[in-house]
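Trainee: Starting off with a structure, shown below.
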Amino acid sequence: MLNFDEDRYIRIQSGAVGMAKRFDAVIKACLDAGADNLFFLGTGGAAILMQPAYQLLQRKSKFPVFLDLTAELLITGSVNLSRKSIVVMPSLSGTTMESVALVAKVKEAGATVLTLVGHQETPLGQGGDHVFVNFAEDDTSCESFYLQSLLIALSLMKHRGEIANYDQVVGELHTLPTRLVDMKRAYENKAEDFARILAGSNYHIVTGAGNVWPEAFYYGMCILEEMQWIRTRPVHASDFFHGTLELVEKDVSVILFKGEDDCRPLADRVETFARTYTDRLTVLDTASFDLPGISPEVRGLISPLLLSAVLERISAHLEVMRNHPLTTRRYYKRVAY
């Protein structure tokens, strides 16, 4: 595979899922101590990657869960943030400015802070009550954060009696790292073709629904815009028909992500419309990925993770094709803002 280290990838994703027991112990301790809500508080891409776990809890658990923007919460605060709150703060670098600033405010409220970082010797690596360190880099961080946040959500549901097959689900997650490498390898030939589509336009409408919508948002903003300087219009499939549909013409690129959760019909609706009015619809569907040994239930839970694994292969070809390394920046962490 192009510019891909299989051993490194397996090590990083195994590190993420390998923290399941510790996540479970910490969540149980928080609940036993009287925790009555949970906040996911990341910044930028890391925050987006928390959304599927937030969505799972919002829809399948009666435990109050919140997802807020750190920059706004710094200004506004929240009446729900208290000493009985569990706060999950992801930051790969451990130095994200808004998140570092928010830690102090969260601790003033007395909340229990779980930080998910790639480096221990950083402000967030030192700032959490419970610090979970799993080294990763940009090309491997999505799956790692998806797995960690999912494990937190599943553990909370387990201890509240809201999931009956926790052990089975987590057992399947433990088998994922090598299966994901096999899936990437099987997709490699198609990845170059998909990259050519992305390179062929300076504007794309990127859409999806359910738990893969965050991956559509993330890939449009953090990869195509930040890392490739390609203009995108990320829009949720349920909002597609309330404005964005008017931008669809014969030569407009529409990139549709389809997952395997209950919201798939929303993506089907966009696909039917787009096929009628543009000749540049491209669909990336997790149902087309072969993943032996993974149950339909778990496939539905990990659809955004599967997309991120394949999109990494697409990005690897895209940066070569456009002669634009994914590490190139004009402003991000280069100028004052």
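A note on labels: chains of the structure tokens are A, B, ... as shown, every chain counts residues from 1, and ligands are counted from 1 in their shown order.
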Counting only C-alpha atoms, what is within 8 Å of segment 48-64 of chain A, bar same-chain residues fewer than 3 positions away, as a list in words?
Mentor: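 Listed by chain and then number, they are Asp36, Asn37, Leu38, Phe40, Gly42, Thr43, Gly44, Gly45, Leu67, Cys142, Phe145, Tyr146, Ser149, Leu150, Ile152, Ala153, Met157, Glu162, Asn211, Val212, Pro214, Glu215, Phe217, Tyr218 and Pro304 of chain A.
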Trainee: Skipping near chain neighbours, those fewer than 3 positions away, what residues fall within 10 Å of Phe289 of chain A using only C-alpha atoms, listed as a PyMOL selection string?
Mentor: chain A and resi 180+183-184+186-187+284-286+292+306-307+310
Trainee: Could the residues in this selection be saved with C-alpha atoms as a compact mmCIF listing (two decimals), in the first residue's frame?
Mentor:
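The result, written out as part03.txt:
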```
# COMPACT_ATOMS: atom_id res chain seq x y z
CA LEU A 180 -8.94 -2.90 9.11
CA MET A 183 -9.92 -3.87 4.40
CA LYS A 184 -7.52 -1.08 3.47
CA ALA A 186 -8.58 -4.68 -0.49
CA TYR A 187 -9.62 -1.08 -1.24
CA LEU A 284 -18.51 5.62 -0.48
CA ASP A 285 -20.56 2.90 1.21
CA THR A 286 -19.33 0.91 4.21
CA PRO A 292 -15.45 -11.04 8.26
CA LEU A 306 -14.56 2.15 8.54
CA LEU A 307 -14.92 5.23 6.38
CA VAL A 310 -10.56 3.85 3.73
```
Trainee: Do a neighbour search on Glu72 of chain A at 12 Å with only C-alpha atoms, toss out local chain neighbours closer than 3 positions, and write the hits as a ChimeraX atom specification.
Mentor: /A:41-43,67-69,75-78,98-99,101-102
Trainee: May I ask for the distance between atom CA of Pro234 of chain A and atom CA of Ser253 of chain A, given in Å to one decimal place?
Mentor: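 Separating atom CA of Pro234 of chain A from atom CA of Ser253 of chain A is a distance of 12.0 Å.
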Trainee: Kindly indicate which residue among A:Ser315, A:Arg160, A:Ala191, A:Asp279 lies nearest to Asp138 of chain A, using only C-alpha atoms for the distances.
Mentor: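 Between A:Ser315, A:Arg160, A:Ala191, A:Asp279, the residue approaching Asp138 of chain A most closely is A:Ser315.
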Trainee: Determine which residues of segment 28-77 of chain A DSSP labels as helix (DSSP H, G or I) from the backbone of this structure, then write them out as an NGL selection string.
Mentor: :A and (28-32 or 45-48 or 51-60 or 70-76)
Trainee: Save out the residues we just selected, C-alpha atoms, as a CSV table (one decimal), in the first residue's frame.
Mentor:
```
chain,number,residue,atom,x,y,z
A,28,LYS,CA,-17.7,2.6,36.8
A,29,ALA,CA,-15.8,4.6,39.5
A,30,CYS,CA,-17.3,7.9,38.3
A,31,LEU,CA,-20.8,6.5,38.3
A,32,ASP,CA,-20.3,4.9,41.8
A,45,GLY,CA,-11.4,17.7,14.4
A,46,ALA,CA,-11.0,15.9,17.7
A,47,ALA,CA,-14.4,17.3,18.8
A,48,ILE,CA,-16.1,16.1,15.6
A,51,GLN,CA,-20.0,12.9,17.8
A,52,PRO,CA,-20.8,9.3,17.0
A,53,ALA,CA,-20.3,8.3,20.7
A,54,TYR,CA,-22.4,11.3,21.8
A,55,GLN,CA,-25.1,10.4,19.3
A,56,LEU,CA,-25.1,6.8,20.6
A,57,LEU,CA,-25.6,7.9,24.2
A,58,GLN,CA,-28.2,10.5,23.2
A,59,ARG,CA,-30.4,8.0,21.5
A,60,LYS,CA,-29.8,4.8,23.4
A,70,THR,CA,-14.8,24.5,23.8
A,71,ALA,CA,-14.3,28.1,22.6
A,72,GLU,CA,-18.0,28.9,23.3
A,73,LEU,CA,-18.1,27.1,26.7
A,74,LEU,CA,-15.1,29.1,27.8
A,75,ILE,CA,-17.2,32.2,27.3
A,76,THR,CA,-20.6,31.0,28.4
```
Trainee: Quick one: residues within 8 Å of Val235 of chain A, only C-alpha atoms, excluding same-chain residues fewer than 3 positions away - as JSON, numbers by chain?
Mentor: {"A": [205, 206, 207, 208, 217, 239, 240, 244]}
Trainee: Take the residues from that selection and put them in a file with all heavy atoms, as a CSV table (one decimal), in the first residue's frame.
Mentor:
```
chain,number,residue,atom,x,y,z
A,205,ILE,N,-19.6,19.0,-2.8
A,205,ILE,CA,-20.6,18.9,-1.7
A,205,ILE,C,-20.4,17.5,-1.1
A,205,ILE,O,-20.4,16.5,-1.7
A,205,ILE,CB,-22.0,18.9,-2.3
A,205,ILE,CG1,-22.3,20.3,-2.9
A,205,ILE,CG2,-23.1,18.7,-1.2
A,205,ILE,CD1,-23.6,20.4,-3.7
A,206,VAL,N,-20.2,17.5,0.3
A,206,VAL,CA,-19.9,16.3,1.0
A,206,VAL,C,-21.0,16.1,2.0
A,206,VAL,O,-21.3,16.9,2.8
A,206,VAL,CB,-18.5,16.4,1.7
A,206,VAL,CG1,-18.2,15.0,2.4
A,206,VAL,CG2,-17.4,16.8,0.8
A,207,THR,N,-21.6,14.9,1.9
A,207,THR,CA,-22.8,14.7,2.8
A,207,THR,C,-22.9,13.3,3.3
A,207,THR,O,-22.2,12.3,2.8
A,207,THR,CB,-24.1,15.0,1.9
A,207,THR,OG1,-25.2,14.9,2.8
A,207,THR,CG2,-24.2,14.1,0.8
A,208,GLY,N,-23.7,13.1,4.3
A,208,GLY,CA,-23.9,11.8,5.0
A,208,GLY,C,-24.9,12.0,6.1
A,208,GLY,O,-25.4,13.1,6.4
A,217,PHE,N,-18.3,15.6,7.7
A,217,PHE,CA,-17.9,16.9,8.1
A,217,PHE,C,-16.4,17.0,8.4
A,217,PHE,O,-15.7,17.9,7.9
A,217,PHE,CB,-18.7,17.2,9.4
A,217,PHE,CG,-18.5,18.6,10.0
A,217,PHE,CD1,-18.1,19.6,9.2
A,217,PHE,CD2,-18.8,18.8,11.3
A,217,PHE,CE1,-17.9,20.9,9.8
A,217,PHE,CE2,-18.6,20.1,11.9
A,217,PHE,CZ,-18.2,21.1,11.1
A,239,ASP,N,-30.4,17.8,5.9
A,239,ASP,CA,-30.5,19.2,5.6
A,239,ASP,C,-30.3,19.5,4.1
A,239,ASP,O,-30.5,20.6,3.6
A,239,ASP,CB,-29.5,20.0,6.3
A,239,ASP,CG,-29.8,20.1,7.8
A,239,ASP,OD1,-31.0,20.1,8.1
A,239,ASP,OD2,-28.9,20.2,8.6
A,240,PHE,N,-29.9,18.5,3.4
A,240,PHE,CA,-29.5,18.6,1.9
A,240,PHE,C,-30.7,19.2,1.2
A,240,PHE,O,-30.5,20.0,0.2
A,240,PHE,CB,-29.2,17.2,1.4
A,240,PHE,CG,-28.7,17.2,0.0
A,240,PHE,CD1,-27.3,17.3,-0.3
A,240,PHE,CD2,-29.6,17.1,-1.1
A,240,PHE,CE1,-26.9,17.3,-1.6
A,240,PHE,CE2,-29.1,17.1,-2.4
A,240,PHE,CZ,-27.8,17.2,-2.7
A,244,THR,N,-29.2,23.2,0.1
A,244,THR,CA,-28.0,22.7,-0.7
A,244,THR,C,-28.4,22.1,-2.1
A,244,THR,O,-27.7,22.2,-3.0
A,244,THR,CB,-27.1,21.7,0.1
A,244,THR,OG1,-26.8,22.4,1.3
A,244,THR,CG2,-25.9,21.4,-0.7
```
Trainee: I'd like to know which of A:Phe194, A:Tyr203, A:Phe241, A:Phe23 is closest to Leu151 of chain A, using only C-alpha atoms.
Mentor: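 Of all the options, A:Phe23 lies closest to Leu151 of chain A.
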